[in-house]
>>> print(open('model.txt').read())   # compact mmCIF, C-alpha atoms
# COMPACT_ATOMS: atom_id res chain seq x y z
CA MET V 169 29.10 -37.31 3.27
CA ASN V 170 26.68 -38.74 0.69
CA PHE V 171 24.34 -39.71 3.51
CA ILE V 172 24.33 -36.13 4.84
CA LEU V 173 23.66 -34.75 1.36
CA TRP V 174 20.73 -37.10 0.95
CA LEU V 175 19.35 -35.78 4.23
CA ILE V 176 19.87 -32.10 3.38
CA LEU V 177 18.75 -32.21 -0.25
CA PRO V 178 15.06 -33.00 0.44
CA LEU V 179 14.91 -30.23 3.06
CA PHE V 180 16.50 -27.75 0.67
CA LEU V 181 14.11 -28.68 -2.16
CA ALA V 182 11.12 -28.50 0.15
CA THR V 183 12.16 -25.05 1.38
CA LEU V 184 12.74 -23.87 -2.18
CA ALA V 185 9.33 -25.17 -3.26
CA THR V 186 7.67 -23.46 -0.29
CA GLY V 187 9.33 -20.14 -1.11
CA LEU V 188 8.26 -20.40 -4.73
CA ARG V 189 4.72 -21.27 -3.74
CA ILE V 190 4.54 -18.23 -1.45
CA SER V 191 5.98 -16.07 -4.24
CA PHE V 192 3.27 -17.10 -6.68
CA TYR V 193 0.61 -16.72 -3.99
CA LEU V 194 1.65 -13.16 -3.15
CA THR V 195 1.95 -11.99 -6.75
CA ARG V 196 -1.03 -13.79 -8.26
CA ARG V 197 -4.06 -11.94 -9.54
CA GLN V 198 -6.44 -11.14 -6.69
CA PRO V 199 -10.14 -11.64 -7.50
CA LEU V 200 -12.84 -9.15 -6.64
CA GLY V 201 -14.37 -9.95 -3.28
CA GLU V 202 -16.81 -7.83 -1.31
CA THR V 203 -18.43 -5.13 -3.48
CA HIS V 204 -19.71 -1.66 -2.64
CA ASN V 205 -20.03 1.68 -4.42
CA PRO V 206 -20.05 5.36 -3.42
CA GLY V 207 -23.79 5.58 -4.00
CA GLU V 208 -24.31 3.56 -0.82
CA PHE V 209 -22.97 6.58 1.08
CA GLY V 210 -25.04 9.14 -0.81
CA LEU V 211 -22.11 10.25 -2.95
CA ASP V 212 -22.29 11.21 -6.60
CA PHE V 213 -19.60 9.37 -8.54
CA GLU V 214 -18.32 8.42 -11.96
CA GLU V 215 -16.91 5.06 -12.97
CA VAL V 216 -13.56 5.77 -14.61
CA ALA V 217 -10.72 3.95 -16.30
CA PHE V 218 -7.21 5.19 -16.93
CA ALA V 219 -3.91 3.74 -18.06
CA THR V 220 -0.79 3.33 -15.99
CA THR V 221 2.48 4.65 -17.37
CA ASP V 222 3.21 1.15 -18.71
CA GLY V 223 -0.20 0.73 -20.35
CA VAL V 224 -2.21 -1.34 -17.85
CA VAL V 225 -5.83 -0.20 -17.64
CA LEU V 226 -7.08 0.43 -14.11
CA HIS V 227 -10.69 0.91 -13.05
CA GLY V 228 -11.84 3.25 -10.34
CA TRP V 229 -14.36 5.73 -8.98
CA TRP V 230 -14.12 9.49 -9.25
CA ILE V 231 -16.03 11.32 -6.53
CA PRO V 232 -16.02 15.04 -7.33
CA ALA V 233 -16.11 17.99 -4.97
CA PRO V 234 -17.31 20.79 -7.27
CA GLY V 235 -15.22 23.92 -7.09
CA SER V 236 -12.26 22.21 -5.46
CA GLU V 237 -8.87 21.62 -7.07
CA ARG V 238 -7.69 19.38 -4.22
CA ALA V 239 -7.77 15.60 -4.54
CA VAL V 240 -6.96 12.54 -2.45
CA ILE V 241 -6.05 9.15 -3.88
CA VAL V 242 -7.16 6.37 -1.53
CA MET V 243 -5.17 3.15 -1.93
CA HIS V 244 -6.27 -0.27 -0.72
CA GLY V 245 -4.42 -3.19 0.83
CA HIS V 246 -3.09 -6.38 -0.73
CA GLY V 247 -5.83 -8.72 -1.88
CA GLY V 248 -8.45 -6.01 -1.49
CA SER V 249 -10.05 -3.47 -3.77
CA MET V 250 -11.39 0.05 -3.66
CA ASP V 251 -14.68 -1.36 -2.35
CA TYR V 252 -13.21 -1.82 1.13
CA ASP V 253 -12.15 1.83 1.39
CA VAL V 254 -14.98 3.64 -0.37
CA PHE V 255 -16.53 4.61 2.99
CA ARG V 256 -13.58 6.94 3.53
CA ALA V 257 -14.86 9.20 0.76
CA ALA V 258 -17.88 9.90 2.97
CA TYR V 259 -15.69 12.10 5.21
CA LEU V 260 -13.14 13.28 2.63
CA ARG V 261 -15.69 14.63 0.16
CA PRO V 262 -17.54 16.87 2.69
CA ALA V 263 -14.16 18.29 3.72
CA GLY V 264 -13.75 19.62 0.19
CA PHE V 265 -11.56 16.96 -1.37
CA ASN V 266 -12.16 15.28 -4.69
CA VAL V 267 -11.58 11.55 -4.17
CA LEU V 268 -10.14 8.95 -6.53
CA LEU V 269 -10.26 5.28 -5.62
CA PHE V 270 -9.04 2.53 -7.92
CA ASP V 271 -8.07 -1.13 -7.92
CA PHE V 272 -4.34 -1.74 -8.23
CA ARG V 273 -3.10 -3.84 -11.12
CA ALA V 274 -3.88 -7.53 -10.73
CA HIS V 275 -6.63 -6.64 -8.25
CA GLY V 276 -10.39 -6.55 -8.60
CA ARG V 277 -11.66 -4.85 -11.75
CA SER V 278 -8.31 -3.67 -13.05
CA GLN V 279 -6.11 -5.34 -15.63
CA GLY V 280 -2.81 -7.01 -14.87
CA ARG V 281 -1.70 -10.52 -14.02
CA LYS V 282 1.04 -9.92 -11.44
CA ALA V 283 1.36 -7.83 -8.32
CA SER V 284 4.84 -6.69 -7.32
CA PHE V 285 4.51 -4.98 -3.91
CA GLY V 286 5.34 -1.53 -5.14
CA TYR V 287 7.80 -1.77 -7.98
CA LEU V 288 5.19 -1.91 -10.76
CA GLU V 289 2.42 -0.35 -8.70
CA ARG V 290 4.30 2.94 -8.66
CA ARG V 291 3.25 3.19 -12.29
CA ASP V 292 -0.37 2.77 -11.18
CA VAL V 293 -0.05 5.83 -8.96
CA LEU V 294 1.71 7.83 -11.66
CA GLY V 295 -1.19 7.03 -13.99
CA ALA V 296 -3.65 8.13 -11.31
CA VAL V 297 -1.79 11.42 -10.89
CA ASP V 298 -1.94 12.00 -14.66
CA PHE V 299 -5.68 11.34 -14.51
CA LEU V 300 -6.13 13.90 -11.75
CA GLU V 301 -4.07 16.53 -13.52
CA ASP V 302 -6.23 16.05 -16.61
CA ARG V 303 -9.19 16.80 -14.32
CA GLY V 304 -7.60 20.08 -13.26
CA MET V 305 -6.36 19.02 -9.83
CA GLN V 306 -3.63 21.30 -8.46
CA GLN V 307 -2.93 19.60 -5.12
CA ILE V 308 -2.86 15.83 -4.62
CA GLY V 309 -2.58 13.80 -1.44
CA LEU V 310 -2.09 10.05 -0.98
CA LEU V 311 -3.90 8.00 1.66
CA GLY V 312 -2.63 4.41 1.72
CA PHE V 313 -3.36 1.44 3.93
CA SER V 314 -0.92 -1.46 4.47
CA TYR V 315 0.11 -2.53 0.93
CA GLY V 316 -1.33 0.76 -0.31
CA GLY V 317 0.73 2.61 2.28
CA MET V 318 3.89 0.91 1.10
CA ILE V 319 3.08 1.87 -2.49
CA ALA V 320 2.29 5.43 -1.39
CA ILE V 321 5.80 5.80 0.02
CA LEU V 322 7.50 4.34 -3.05
CA SER V 323 5.37 6.46 -5.39
CA ALA V 324 5.66 9.79 -3.59
CA ALA V 325 9.44 9.37 -3.60
CA ILE V 326 9.47 9.61 -7.41
CA CYS V 327 6.44 11.84 -8.03
CA PRO V 328 6.92 15.50 -7.10
CA GLU V 329 3.30 16.27 -8.04
CA ILE V 330 2.19 14.62 -4.79
CA SER V 331 1.75 17.23 -2.06
CA ALA V 332 1.40 15.09 1.08
CA VAL V 333 1.21 11.46 2.18
CA ILE V 334 -0.70 9.59 4.89
CA VAL V 335 0.16 5.95 5.51
CA ASP V 336 -1.63 3.59 7.88
CA GLY V 337 0.20 0.34 8.62
CA PRO V 338 2.84 0.38 5.87
CA PRO V 339 5.49 -2.34 6.25
CA ALA V 340 9.00 -0.96 6.58
CA ARG V 341 10.33 -3.94 4.66
CA LEU V 342 8.59 -6.63 2.67
CA ARG V 343 10.70 -9.32 4.33
CA THR V 344 9.55 -8.44 7.86
CA ALA V 345 5.93 -8.30 6.68
CA ILE V 346 6.22 -11.77 5.11
CA THR V 347 7.99 -13.02 8.22
CA GLY V 348 5.10 -11.77 10.34
CA ARG V 349 2.59 -13.52 8.13
CA GLY V 350 4.62 -16.70 8.29
CA LEU V 351 4.64 -16.64 12.07
CA GLU V 352 0.86 -16.21 12.02
CA LEU V 353 0.60 -19.34 9.90
CA GLY V 354 2.70 -21.34 12.35
CA ILE V 355 6.05 -21.35 10.55
CA PRO V 356 8.82 -21.76 13.15
CA ARG V 357 10.45 -18.53 14.28
CA TRP V 358 13.89 -19.80 13.23
CA LEU V 359 12.67 -20.55 9.70
CA ALA V 360 10.27 -17.68 8.93
CA PRO V 361 12.89 -14.95 8.28
CA PHE V 362 14.88 -17.15 5.89
CA LEU V 363 11.72 -18.24 4.09
CA ALA V 364 10.69 -14.59 3.71
CA TRP V 365 14.11 -13.71 2.27
CA LEU V 366 13.91 -16.67 -0.11
CA THR V 367 10.41 -15.67 -1.23
CA ILE V 368 11.57 -12.15 -2.10
CA ALA V 369 14.67 -13.47 -3.86
CA LEU V 370 12.59 -15.86 -5.98
CA THR V 371 10.02 -13.15 -6.71
CA SER V 372 12.83 -10.83 -7.78
CA LEU V 373 14.06 -13.47 -10.23
CA ARG V 374 10.55 -14.00 -11.58
CA LEU V 375 9.92 -10.26 -12.06
CA GLY V 376 13.41 -9.37 -13.22
CA VAL V 377 13.98 -6.73 -10.54
CA ASN V 378 15.73 -6.65 -7.18
CA LEU V 379 12.78 -6.13 -4.84
CA PHE V 380 15.13 -5.75 -1.87
CA GLN V 381 15.95 -2.33 -3.33
CA TYR V 382 12.27 -1.28 -3.26
CA GLU V 383 11.52 -1.38 0.43
CA PRO V 384 9.80 1.66 2.00
CA ALA V 385 12.58 2.17 4.54
CA ARG V 386 14.98 2.83 1.64
CA TRP V 387 12.71 5.37 -0.08
CA VAL V 388 10.76 7.23 2.59
CA GLY V 389 13.52 9.81 3.10
CA ARG V 390 13.08 10.99 -0.49
CA ILE V 391 9.57 12.30 0.16
CA ALA V 392 10.80 15.37 2.05
CA PRO V 393 10.28 18.30 2.01
CA ARG V 394 6.71 17.15 1.47
CA PRO V 395 5.00 16.02 4.69
CA ILE V 396 4.07 12.52 5.74
CA LEU V 397 1.76 11.30 8.52
CA PHE V 398 2.33 7.81 9.91
CA ILE V 399 -0.46 5.91 11.65
CA HIS V 400 0.94 2.92 13.52
CA GLY V 401 -0.26 0.39 16.07
CA ASP V 402 2.42 -1.13 18.28
CA LEU V 403 0.69 -4.51 18.02
CA ASP V 404 1.21 -4.54 14.23
CA GLN V 405 2.76 -7.93 13.52
CA TYR V 406 3.73 -6.90 9.99
CA CYS V 407 5.83 -3.91 11.01
CA PRO V 408 7.99 -4.75 14.04
CA ASP V 409 10.67 -2.47 12.58
CA PHE V 410 8.43 0.60 12.32
CA ASP V 411 10.87 2.74 14.29
CA GLU V 412 13.44 2.31 11.52
CA LEU V 413 10.89 3.44 8.95
CA TYR V 414 9.95 6.51 10.95
CA THR V 415 13.58 7.40 11.63
CA ALA V 416 14.40 7.12 7.92
CA ALA V 417 11.69 9.67 7.08
CA LEU V 418 12.82 13.29 7.06
CA PRO V 419 10.85 16.28 8.37
CA PRO V 420 8.18 17.40 8.07
CA LYS V 421 6.75 14.20 9.50
CA GLU V 422 4.06 13.39 12.03
CA ILE V 423 3.01 10.25 13.84
CA TRP V 424 -0.13 8.98 15.50
CA ARG V 425 1.03 5.96 17.44
CA LEU V 426 -1.23 3.69 19.47
CA THR V 427 -0.11 1.04 21.92
CA ASP V 428 -3.32 -0.98 21.91
CA VAL V 429 -4.08 -1.67 18.22
CA GLY V 430 -2.73 -3.95 15.52
CA HIS V 431 -2.35 -3.75 11.78
CA THR V 432 -4.48 -0.91 10.29
CA GLN V 433 -6.88 -1.18 13.25
CA ALA V 434 -6.70 2.45 14.39
CA GLY V 435 -9.69 3.36 12.24
CA GLU V 436 -11.73 0.51 13.69
CA VAL V 437 -10.90 1.16 17.33
CA TYR V 438 -10.87 4.97 17.16
CA PRO V 439 -12.95 5.82 14.06
CA GLU V 440 -13.78 9.44 14.90
CA GLU V 441 -10.23 10.39 15.84
CA HIS V 442 -8.87 8.51 12.83
CA GLN V 443 -11.07 10.52 10.49
CA ARG V 444 -10.33 13.79 12.26
CA ARG V 445 -6.57 13.35 12.12
CA ILE V 446 -6.64 12.43 8.43
CA VAL V 447 -8.81 15.39 7.45
CA GLU V 448 -6.86 17.88 9.57
CA PHE V 449 -3.55 16.76 8.09
CA LEU V 450 -4.89 17.02 4.54
CA GLU V 451 -6.48 20.41 5.19
CA ARG V 452 -3.14 21.67 6.45
CA TRP V 453 -0.95 20.37 3.64
CA VAL V 454 -3.09 19.73 0.53
CA VAL V 455 -4.05 23.36 -0.09
>>> encode(input="model.txt", output="structure tokens")
Amino acid sequence: MNFILWLILPLFLATLATGLRISFYLTRRQPLGETHNPGEFGLDFEEVAFATTDGVVLHGWWIPAPGSERAVIVMHGHGGSMDYDVFRAAYLRPAGFNVLLFDFRAHGRSQGRKASFGYLERRDVLGAVDFLEDRGMQQIGLLGFSYGGMIAILSAAICPEISAVIVDGPPARLRTAITGRGLELGIPRWLAPFLAWLTIALTSLRLGVNLFQYEPARWVGRIAPRPILFIHGDLDQYCPDFDELYTAALPPKEIWRLTDVGHTQAGEVYPEEHQRRIVEFLERWVV
């Protein structure tokens, strides 16, 4: 028996250490990488800062559409920043939408030391909505990609001021997204799901919140009766359980599903249709 314990104990400790390492990696502060600004696309803009509902200062860009009281908040992916999505304002602004982009907490230019995959970031979105209301915005839409899409779902569920939601590549559950990433990195298929579960459990202990309770599939049904548009590629390795997410959403809901693209690749493979579908949905519901 002692011999077996001596064999199992090192494996257990190694797995625990790996889960903790992944936890710190996923929640660590993400440095600013590639930089752009709206001026590169001929857009007038203002550098802005606003506080989240728990006092973290976020930095962003405000791109006004004079005469319009409609706004879209564009939300970036994990490890990114608003710089990667600023080109989207080049088609949203001409359609008559004011645009707000910002870096999530613990990303890029914004304050914050820990990311939380939605639990804390909901407060970022609530702060952004307060900012827009102070600017006189009457209708607000969310446009989120991957991590930003996950946060869009969690935020809209608790923020009635949001009129409509578009999500491109949001994971249904954090555990399946982490499992997918683990498989990409070569972690054995039999181990990856357990390691993902362990990572979330350890992160929950570190943050003092049960992150298993803050998965998009649990919250998406609370967005109704406000509409949501899902953009999904069937080759998305981070969302193999997308059907469960879509089923959990209540009408009105729409889907643009592609069989030949992966994670958030619809805009790369079909850029014109991607832009058209986004603008048409917003024009129909953010009015």
>>> atom_distance(input="model.txt", atom1="atom CA of Gly247 of chain V", atom2="atom CA of Pro199 of chain V")
7.7 Å
>>> closest_atom_pairs(input="model.txt", of="segment 230-309 of chain V", to="segment 387-411 of chain V", cutoff="12 Å", atoms="only C-alpha atoms", output="Markdown table")
| residue | atom | partner | partner_atom | distance |
| --- | --- | --- | --- | --- |
| V:Gly286 | CA | V:Trp387 | CA | 11.3 |
| V:Tyr287 | CA | V:Trp387 | CA | 11.7 |
| V:Gln307 | CA | V:Arg394 | CA | 11.9 |
| V:Ile308 | CA | V:Arg394 | CA | 11.4 |
| V:Gly309 | CA | V:Ile396 | CA | 9.9 |
>>> atom_distance(input="model.txt", atom1="atom CA of Ile326 of chain V", atom2="atom CA of Leu311 of chain V")
16.2 Å
>>> residues_around(input="model.txt", residues="Arg261 of chain V", least_positions_apart="2", cutoff="10 Å", atoms="all atoms listed in the file", output="MDAnalysis selection string")
chainID V and resid 211 231:234 239:240 256:259 263:267
>>> write_last_selection(input="model.txt", atoms="C-alpha atoms", output="PDB file, in the coordinates of the input")
ATOM      1  CA  LEU V 211     -22.110  10.250  -2.950  1.00  0.00           C
ATOM      2  CA  ILE V 231     -16.030  11.320  -6.530  1.00  0.00           C
ATOM      3  CA  PRO V 232     -16.020  15.040  -7.330  1.00  0.00           C
ATOM      4  CA  ALA V 233     -16.110  17.990  -4.970  1.00  0.00           C
ATOM      5  CA  PRO V 234     -17.310  20.790  -7.270  1.00  0.00           C
ATOM      6  CA  ALA V 239      -7.770  15.600  -4.540  1.00  0.00           C
ATOM      7  CA  VAL V 240      -6.960  12.540  -2.450  1.00  0.00           C
ATOM      8  CA  ARG V 256     -13.580   6.940   3.530  1.00  0.00           C
ATOM      9  CA  ALA V 257     -14.860   9.200   0.760  1.00  0.00           C
ATOM     10  CA  ALA V 258     -17.880   9.900   2.970  1.00  0.00           C
ATOM     11  CA  TYR V 259     -15.690  12.100   5.210  1.00  0.00           C
ATOM     12  CA  ALA V 263     -14.160  18.290   3.720  1.00  0.00           C
ATOM     13  CA  GLY V 264     -13.750  19.620   0.190  1.00  0.00           C
ATOM     14  CA  PHE V 265     -11.560  16.960  -1.370  1.00  0.00           C
ATOM     15  CA  ASN V 266     -12.160  15.280  -4.690  1.00  0.00           C
ATOM     16  CA  VAL V 267     -11.580  11.550  -4.170  1.00  0.00           C
TER      17      VAL V 267
END
>>> closest_residue(input="model.txt", among="V:Asn378, V:Thr432, V:Ser372, V:Ser323", to="Pro338 of chain V", atoms="all atoms listed in the file")
V:Thr432
>>> closest_residue(input="model.txt", among="V:Gly248, V:Pro356, V:Gly376, V:Pro328", to="Gly316 of chain V", atoms="all atoms listed in the file")
V:Gly248
>>> atom_distance(input="model.txt", atom1="atom CA of Phe285 of chain V", atom2="atom CA of Ile321 of chain V")
11.5 Å
>>> closest_residue(input="model.txt", among="V:Asp336, V:Val429, V:Leu351, V:Leu322", to="Ala385 of chain V", atoms="only C-alpha atoms")
V:Leu322
>>> closest_atom_pairs(input="model.txt", of="segment 277-333 of chain V", to="segment 186-198 of chain V", cutoff="10 Å", atoms="only C-alpha atoms", output="CSV")
residue,atom,partner,partner_atom,distance
V:Arg277,CA,V:Gln198,CA,9.6
V:Ser278,CA,V:Arg197,CA,9.9
V:Gln279,CA,V:Arg197,CA,9.2
V:Gly280,CA,V:Arg197,CA,7.4
V:Arg281,CA,V:Arg197,CA,5.3
V:Lys282,CA,V:Thr195,CA,5.2
V:Ala283,CA,V:Thr195,CA,4.5
V:Ser284,CA,V:Thr195,CA,6.1
V:Phe285,CA,V:Thr195,CA,8.0
>>> residues_around(input="model.txt", residues="Ile446 of chain V", least_positions_apart="2", cutoff="9 Å", atoms="only C-alpha atoms", output="VMD selection string")
chain V and resid 260 311 334 397 441 to 444 448 to 451
>>> residues_around(input="model.txt", residues="Val225 of chain V", least_positions_apart="5", cutoff="12 Å", atoms="only C-alpha atoms", output="PDB file with C-alpha atoms, keeping the file's coordinate frame")
ATOM      1  CA  VAL V 216     -13.560   5.770 -14.610  1.00  0.00           C
ATOM      2  CA  ALA V 217     -10.720   3.950 -16.300  1.00  0.00           C
ATOM      3  CA  PHE V 218      -7.210   5.190 -16.930  1.00  0.00           C
ATOM      4  CA  ALA V 219      -3.910   3.740 -18.060  1.00  0.00           C
ATOM      5  CA  THR V 220      -0.790   3.330 -15.990  1.00  0.00           C
ATOM      6  CA  PHE V 270      -9.040   2.530  -7.920  1.00  0.00           C
ATOM      7  CA  ASP V 271      -8.070  -1.130  -7.920  1.00  0.00           C
ATOM      8  CA  PHE V 272      -4.340  -1.740  -8.230  1.00  0.00           C
ATOM      9  CA  ARG V 273      -3.100  -3.840 -11.120  1.00  0.00           C
ATOM     10  CA  ALA V 274      -3.880  -7.530 -10.730  1.00  0.00           C
ATOM     11  CA  HIS V 275      -6.630  -6.640  -8.250  1.00  0.00           C
ATOM     12  CA  GLY V 276     -10.390  -6.550  -8.600  1.00  0.00           C
ATOM     13  CA  ARG V 277     -11.660  -4.850 -11.750  1.00  0.00           C
ATOM     14  CA  SER V 278      -8.310  -3.670 -13.050  1.00  0.00           C
ATOM     15  CA  GLN V 279      -6.110  -5.340 -15.630  1.00  0.00           C
ATOM     16  CA  GLY V 280      -2.810  -7.010 -14.870  1.00  0.00           C
ATOM     17  CA  ARG V 281      -1.700 -10.520 -14.020  1.00  0.00           C
ATOM     18  CA  ARG V 291       3.250   3.190 -12.290  1.00  0.00           C
ATOM     19  CA  ASP V 292      -0.370   2.770 -11.180  1.00  0.00           C
ATOM     20  CA  GLY V 295      -1.190   7.030 -13.990  1.00  0.00           C
ATOM     21  CA  ALA V 296      -3.650   8.130 -11.310  1.00  0.00           C
ATOM     22  CA  PHE V 299      -5.680  11.340 -14.510  1.00  0.00           C
TER      23      PHE V 299
END
>>> build_atoms(input="model.txt", residues="segment 230-241 of chain V", atoms="N, CA and C atoms", output="PDB file, in the coordinates of the input")
ATOM      1  N   TRP V 230     -14.434   8.077  -9.419  1.00  0.00           N
ATOM      2  CA  TRP V 230     -14.120   9.490  -9.250  1.00  0.00           C
ATOM      3  C   TRP V 230     -15.287  10.127  -8.522  1.00  0.00           C
ATOM      4  N   ILE V 231     -14.997  10.702  -7.357  1.00  0.00           N
ATOM      5  CA  ILE V 231     -16.030  11.320  -6.530  1.00  0.00           C
ATOM      6  C   ILE V 231     -15.706  12.806  -6.456  1.00  0.00           C
ATOM      7  N   PRO V 232     -16.408  13.631  -7.219  1.00  0.00           N
ATOM      8  CA  PRO V 232     -16.020  15.040  -7.330  1.00  0.00           C
ATOM      9  C   PRO V 232     -16.513  15.907  -6.178  1.00  0.00           C
ATOM     10  N   ALA V 233     -15.716  16.927  -5.890  1.00  0.00           N
ATOM     11  CA  ALA V 233     -16.110  17.990  -4.970  1.00  0.00           C
ATOM     12  C   ALA V 233     -16.108  19.270  -5.784  1.00  0.00           C
ATOM     13  N   PRO V 234     -17.250  19.651  -6.351  1.00  0.00           N
ATOM     14  CA  PRO V 234     -17.310  20.790  -7.270  1.00  0.00           C
ATOM     15  C   PRO V 234     -16.669  22.044  -6.677  1.00  0.00           C
ATOM     16  N   GLY V 235     -15.866  22.698  -7.509  1.00  0.00           N
ATOM     17  CA  GLY V 235     -15.220  23.920  -7.090  1.00  0.00           C
ATOM     18  C   GLY V 235     -13.873  23.729  -6.410  1.00  0.00           C
ATOM     19  N   SER V 236     -13.520  22.493  -6.138  1.00  0.00           N
ATOM     20  CA  SER V 236     -12.260  22.210  -5.460  1.00  0.00           C
ATOM     21  C   SER V 236     -11.222  21.697  -6.445  1.00  0.00           C
ATOM     22  N   GLU V 237      -9.982  22.118  -6.268  1.00  0.00           N
ATOM     23  CA  GLU V 237      -8.870  21.620  -7.070  1.00  0.00           C
ATOM     24  C   GLU V 237      -7.929  20.762  -6.229  1.00  0.00           C
ATOM     25  N   ARG V 238      -8.451  20.264  -5.099  1.00  0.00           N
ATOM     26  CA  ARG V 238      -7.690  19.380  -4.220  1.00  0.00           C
ATOM     27  C   ARG V 238      -8.232  17.966  -4.351  1.00  0.00           C
ATOM     28  N   ALA V 239      -7.332  16.991  -4.380  1.00  0.00           N
ATOM     29  CA  ALA V 239      -7.770  15.600  -4.540  1.00  0.00           C
ATOM     30  C   ALA V 239      -6.963  14.683  -3.633  1.00  0.00           C
ATOM     31  N   VAL V 240      -7.599  13.585  -3.247  1.00  0.00           N
ATOM     32  CA  VAL V 240      -6.960  12.540  -2.450  1.00  0.00           C
ATOM     33  C   VAL V 240      -7.122  11.221  -3.185  1.00  0.00           C
ATOM     34  N   ILE V 241      -6.020  10.509  -3.329  1.00  0.00           N
ATOM     35  CA  ILE V 241      -6.050   9.150  -3.880  1.00  0.00           C
ATOM     36  C   ILE V 241      -6.038   8.180  -2.709  1.00  0.00           C
TER      37      ILE V 241
END
